[in-house]
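Structure first, then comments.
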Amino acid sequence: MSALRFSLIAVAGMALTTAPALRAQYSSTDTPKFFVEGLAGAVVPTFDIANTVKVGSMFGGTIGYTLNSRWVLMGEFDYGNHKDKATGTTTIKTLHYMGKLGYSLTGPRETGWEAVVNLGAGAVSFDVDGAPSTKTYFAINAGAKLAYNFTRSVAFVLSPQGDIAFSKRADLNTTNAWVWPVSAGLRIRY
């Protein structure tokens, strides 16, 4: 089983097994504090790395906790799948692992629009077909989470993010690989 498939199953399993216990902590008037997101979209390379890598598809997930009416902690994992520009046949997989701190511009909402801006740090891994090993680099993140809450527990999420991996020129032909995971998905709060 691939690491990606295992990660997705683990996130789904955690959400399903912990939701009833966490929900019991809140009265019907409390806004849920924990959330999980399932996301899909595109990963757009820019600047130097865009000369080597094409735009690719992505999917991922977020686990979050609302600390108070303004601050949100998040952990996000994204998996991107690209092709090289030179031949269009070499597959380049990117794995983004980010810890983030978000600031809510609107405060938590039970229904309607909600907006959070975030900053974070973590790593981006590049796995190139035919390369001897996967290369992982320290990375920083900035982005936003725009959610439309249908109910206090379910929301549609747009997640434009920007990740900068501080890479080695010898490995990726750049010292700062800028990639932009832009995704949409579903958020479940409990």
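Each chain in the structure tokens gets a letter, A, B, ..., in the order shown, and its residues are numbered from 1; ligands are numbered from 1 in order too.
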Within 9 Å of region 167-173 of chain A, counting only C-alpha atoms, which residues show up once you throw out same-chain ones fewer than 5 positions away? Write them as a list in words, please.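 Contacts, in chain order: Asp48, Ile49, Thr52, Phe126, Lys135, Thr136, Tyr137, Phe138 and Ala139 of chain A.
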Set the distance at 10 Å and use only C-alpha atoms: which residues neighbour region 147-156 of chain A once local chain neighbours fewer than 3 positions away are removed? I'd like the list as a list in words.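 In the requested format, the answer is Ser28, Thr29, Asp30, Thr31, Pro32, Lys33, Phe34, Phe35, Glu37, Gly38, Leu39, Pro108, Arg109, Glu110, Thr111, Gly112, Trp113, Glu114, Ala115, Val116, Ala144, Ser159, Ala184, Gly185, Leu186, Arg187, Ile188, Arg189 and Tyr190 of chain A.
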Give me a file of those residues, with N, CA, C and O atoms, as a JSON list (two decimals), in the first residue's frame.
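To be explicit, this is the file written out as result.json:
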[["chain", "number", "residue", "atom", "x", "y", "z"],
["A", 28, "SER", "N", -25.26, 21.54, 22.05],
["A", 28, "SER", "CA", -25.80, 21.90, 20.75],
["A", 28, "SER", "C", -25.56, 23.37, 20.41],
["A", 28, "SER", "O", -25.71, 23.77, 19.27],
["A", 29, "THR", "N", -25.15, 24.18, 21.38],
["A", 29, "THR", "CA", -24.90, 25.60, 21.11],
["A", 29, "THR", "C", -23.42, 25.89, 20.86],
["A", 29, "THR", "O", -23.08, 26.99, 20.44],
["A", 30, "ASP", "N", -22.52, 24.94, 21.11],
["A", 30, "ASP", "CA", -21.10, 25.14, 20.87],
["A", 30, "ASP", "C", -20.77, 24.96, 19.39],
["A", 30, "ASP", "O", -21.31, 24.09, 18.73],
["A", 31, "THR", "N", -19.87, 25.79, 18.89],
["A", 31, "THR", "CA", -19.36, 25.60, 17.54],
["A", 31, "THR", "C", -18.31, 24.50, 17.60],
["A", 31, "THR", "O", -17.41, 24.55, 18.44],
["A", 32, "PRO", "N", -18.38, 23.51, 16.71],
["A", 32, "PRO", "CA", -17.37, 22.44, 16.72],
["A", 32, "PRO", "C", -15.97, 23.00, 16.53],
["A", 32, "PRO", "O", -15.77, 23.95, 15.80],
["A", 33, "LYS", "N", -14.99, 22.39, 17.20],
["A", 33, "LYS", "CA", -13.62, 22.90, 17.16],
["A", 33, "LYS", "C", -12.71, 22.12, 16.22],
["A", 33, "LYS", "O", -11.78, 22.69, 15.66],
["A", 34, "PHE", "N", -12.93, 20.83, 16.05],
["A", 34, "PHE", "CA", -12.08, 20.01, 15.18],
["A", 34, "PHE", "C", -12.69, 19.95, 13.78],
["A", 34, "PHE", "O", -13.90, 19.98, 13.62],
["A", 35, "PHE", "N", -11.81, 19.84, 12.77],
["A", 35, "PHE", "CA", -12.31, 19.64, 11.42],
["A", 35, "PHE", "C", -11.31, 18.84, 10.59],
["A", 35, "PHE", "O", -10.12, 18.78, 10.89],
["A", 37, "GLU", "N", -10.60, 18.09, 6.23],
["A", 37, "GLU", "CA", -10.95, 18.48, 4.87],
["A", 37, "GLU", "C", -10.40, 17.47, 3.89],
["A", 37, "GLU", "O", -9.27, 16.98, 4.06],
["A", 38, "GLY", "N", -11.17, 17.16, 2.87],
["A", 38, "GLY", "CA", -10.71, 16.40, 1.72],
["A", 38, "GLY", "C", -10.66, 17.37, 0.55],
["A", 38, "GLY", "O", -11.64, 18.06, 0.27],
["A", 39, "LEU", "N", -9.51, 17.47, -0.13],
["A", 39, "LEU", "CA", -9.29, 18.48, -1.16],
["A", 39, "LEU", "C", -8.79, 17.86, -2.45],
["A", 39, "LEU", "O", -8.08, 16.85, -2.44],
["A", 108, "PRO", "N", -15.50, 32.16, 13.47],
["A", 108, "PRO", "CA", -16.19, 30.94, 13.04],
["A", 108, "PRO", "C", -17.66, 31.22, 12.75],
["A", 108, "PRO", "O", -18.29, 32.02, 13.44],
["A", 109, "ARG", "N", -18.19, 30.58, 11.74],
["A", 109, "ARG", "CA", -19.58, 30.75, 11.35],
["A", 109, "ARG", "C", -20.26, 29.39, 11.31],
["A", 109, "ARG", "O", -19.68, 28.41, 10.86],
["A", 110, "GLU", "N", -21.49, 29.34, 11.75],
["A", 110, "GLU", "CA", -22.25, 28.10, 11.63],
["A", 110, "GLU", "C", -22.84, 27.96, 10.24],
["A", 110, "GLU", "O", -22.99, 26.85, 9.75],
["A", 111, "THR", "N", -23.21, 29.06, 9.60],
["A", 111, "THR", "CA", -23.66, 29.05, 8.21],
["A", 111, "THR", "C", -23.09, 30.28, 7.52],
["A", 111, "THR", "O", -22.74, 31.26, 8.17],
["A", 112, "GLY", "N", -22.96, 30.20, 6.20],
["A", 112, "GLY", "CA", -22.45, 31.32, 5.43],
["A", 112, "GLY", "C", -20.95, 31.27, 5.24],
["A", 112, "GLY", "O", -20.29, 30.28, 5.55],
["A", 113, "TRP", "N", -20.42, 32.37, 4.71],
["A", 113, "TRP", "CA", -19.00, 32.45, 4.36],
["A", 113, "TRP", "C", -18.10, 32.67, 5.56],
["A", 113, "TRP", "O", -18.45, 33.38, 6.49],
["A", 114, "GLU", "N", -16.92, 32.05, 5.49],
["A", 114, "GLU", "CA", -15.89, 32.17, 6.51],
["A", 114, "GLU", "C", -14.55, 32.26, 5.79],
["A", 114, "GLU", "O", -14.34, 31.59, 4.78],
["A", 115, "ALA", "N", -13.64, 33.11, 6.29],
["A", 115, "ALA", "CA", -12.34, 33.28, 5.64],
["A", 115, "ALA", "C", -11.21, 33.22, 6.67],
["A", 115, "ALA", "O", -11.29, 33.85, 7.72],
["A", 116, "VAL", "N", -10.17, 32.45, 6.33],
["A", 116, "VAL", "CA", -8.99, 32.31, 7.17],
["A", 116, "VAL", "C", -7.76, 32.51, 6.29],
["A", 116, "VAL", "O", -7.69, 31.95, 5.19],
["A", 144, "ALA", "N", -4.85, 30.74, 2.05],
["A", 144, "ALA", "CA", -6.15, 31.09, 2.61],
["A", 144, "ALA", "C", -7.07, 29.89, 2.54],
["A", 144, "ALA", "O", -6.86, 28.97, 1.75],
["A", 159, "SER", "N", -9.21, 26.44, -1.28],
["A", 159, "SER", "CA", -7.94, 26.55, -0.56],
["A", 159, "SER", "C", -6.80, 26.92, -1.51],
["A", 159, "SER", "O", -6.07, 26.05, -1.98],
["A", 184, "ALA", "N", -10.18, 22.62, -3.99],
["A", 184, "ALA", "CA", -11.52, 22.77, -3.43],
["A", 184, "ALA", "C", -11.91, 21.44, -2.82],
["A", 184, "ALA", "O", -11.39, 20.39, -3.20],
["A", 185, "GLY", "N", -12.83, 21.47, -1.87],
["A", 185, "GLY", "CA", -13.23, 20.22, -1.25],
["A", 185, "GLY", "C", -14.30, 20.41, -0.20],
["A", 185, "GLY", "O", -15.00, 21.41, -0.17],
["A", 186, "LEU", "N", -14.37, 19.43, 0.68],
["A", 186, "LEU", "CA", -15.39, 19.38, 1.70],
["A", 186, "LEU", "C", -14.75, 19.39, 3.07],
["A", 186, "LEU", "O", -13.75, 18.71, 3.31],
["A", 187, "ARG", "N", -15.31, 20.19, 3.99],
["A", 187, "ARG", "CA", -14.86, 20.25, 5.38],
["A", 187, "ARG", "C", -15.95, 19.66, 6.27],
["A", 187, "ARG", "O", -17.11, 20.01, 6.13],
["A", 188, "ILE", "N", -15.53, 18.79, 7.18],
["A", 188, "ILE", "CA", -16.43, 18.24, 8.18],
["A", 188, "ILE", "C", -15.92, 18.71, 9.54],
["A", 188, "ILE", "O", -14.77, 18.46, 9.90],
["A", 189, "ARG", "N", -16.77, 19.40, 10.31],
["A", 189, "ARG", "CA", -16.40, 19.87, 11.65],
["A", 189, "ARG", "C", -17.14, 19.01, 12.69],
["A", 189, "ARG", "O", -18.30, 18.66, 12.51],
["A", 190, "TYR", "N", -16.44, 18.72, 13.77],
["A", 190, "TYR", "CA", -17.05, 17.94, 14.86],
["A", 190, "TYR", "C", -16.45, 18.34, 16.19],
["A", 190, "TYR", "O", -15.45, 19.01, 16.26]]
Residue nearest Ile63 (chain A) - candidates A:Asn51, A:Leu101, A:Val44, A:Gly143, atoms counted: only C-alpha atoms: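 Ranking A:Asn51, A:Leu101, A:Val44, A:Gly143 by distance to Ile63 (chain A), first place goes to A:Leu101.
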For Lys100 (chain A), which residue out of A:Ser125, A:Ser69, A:Lys145, A:Ser133 is the nearest one, using only C-alpha atoms?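 For Lys100 (chain A), the nearest of the given residues is A:Lys145.
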Tell me, which residues of chain A carry DSSP alpha helix (DSSP H), written as a list of chain:residue names? A:Ala3, A:Leu4, A:Arg5, A:Phe6, A:Ser7, A:Leu8, A:Ile9, A:Ala10, A:Val11, A:Ala12, A:Gly13, A:Met14, A:Ala15, A:Leu16, A:Thr17, A:Thr18, A:Ala19, A:Pro20, A:Ala21, A:Leu22, A:Arg23, A:Arg169, A:Ala170, A:Asp171, A:Leu172
For the selection you just gave me, I'd like the residues written to a file as a CSV table (one decimal), in the first residue's frame, keeping C-alpha atoms.
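Result saved to part-v2.csv:
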chain,number,residue,atom,x,y,z
A,3,ALA,CA,2.2,6.0,1.7
A,4,LEU,CA,-0.4,8.3,0.1
A,5,ARG,CA,-3.2,5.8,0.2
A,6,PHE,CA,-2.3,4.8,3.8
A,7,SER,CA,-2.3,8.5,4.8
A,8,LEU,CA,-5.7,9.1,3.3
A,9,ILE,CA,-7.2,6.0,4.9
A,10,ALA,CA,-5.7,7.0,8.3
A,11,VAL,CA,-7.2,10.5,8.1
A,12,ALA,CA,-10.6,9.1,7.1
A,13,GLY,CA,-10.4,6.5,9.9
A,14,MET,CA,-9.4,9.0,12.5
A,15,ALA,CA,-12.3,11.3,11.5
A,16,LEU,CA,-14.8,8.4,11.7
A,17,THR,CA,-13.6,7.0,15.0
A,18,THR,CA,-13.1,10.3,16.9
A,19,ALA,CA,-16.2,12.2,15.7
A,20,PRO,CA,-18.7,10.7,18.1
A,21,ALA,CA,-16.5,11.1,21.1
A,22,LEU,CA,-15.6,14.7,20.2
A,23,ARG,CA,-19.2,15.6,19.4
A,169,ARG,CA,20.0,23.7,-7.9
A,170,ALA,CA,21.8,20.5,-8.8
A,171,ASP,CA,18.6,18.5,-8.0
A,172,LEU,CA,15.8,20.7,-9.4
For region 170-189 of chain A against region 77-91 of chain A, with a cut-off of 12 Å and counting only C-alpha atoms, what is the closest atom pair and its distance in Å to one decimal for every residue that makes the cut, ordered by chain and number, as CSV?
residue,atom,partner,partner_atom,distance
A:Leu172,CA,A:Asp84,CA,11.4
A:Val179,CA,A:Gly80,CA,9.9
A:Trp180,CA,A:Gly80,CA,10.3
A:Pro181,CA,A:Asp78,CA,7.8
A:Val182,CA,A:Asp78,CA,10.3
A:Ser183,CA,A:Asp78,CA,9.8
Which residue out of A:Met58, A:Leu67, A:Ile164, A:Val128 has the minimum interatomic distance to Ser104 (chain A) when only C-alpha atoms are used?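 Of all the options, A:Leu67 lies closest to Ser104 (chain A).
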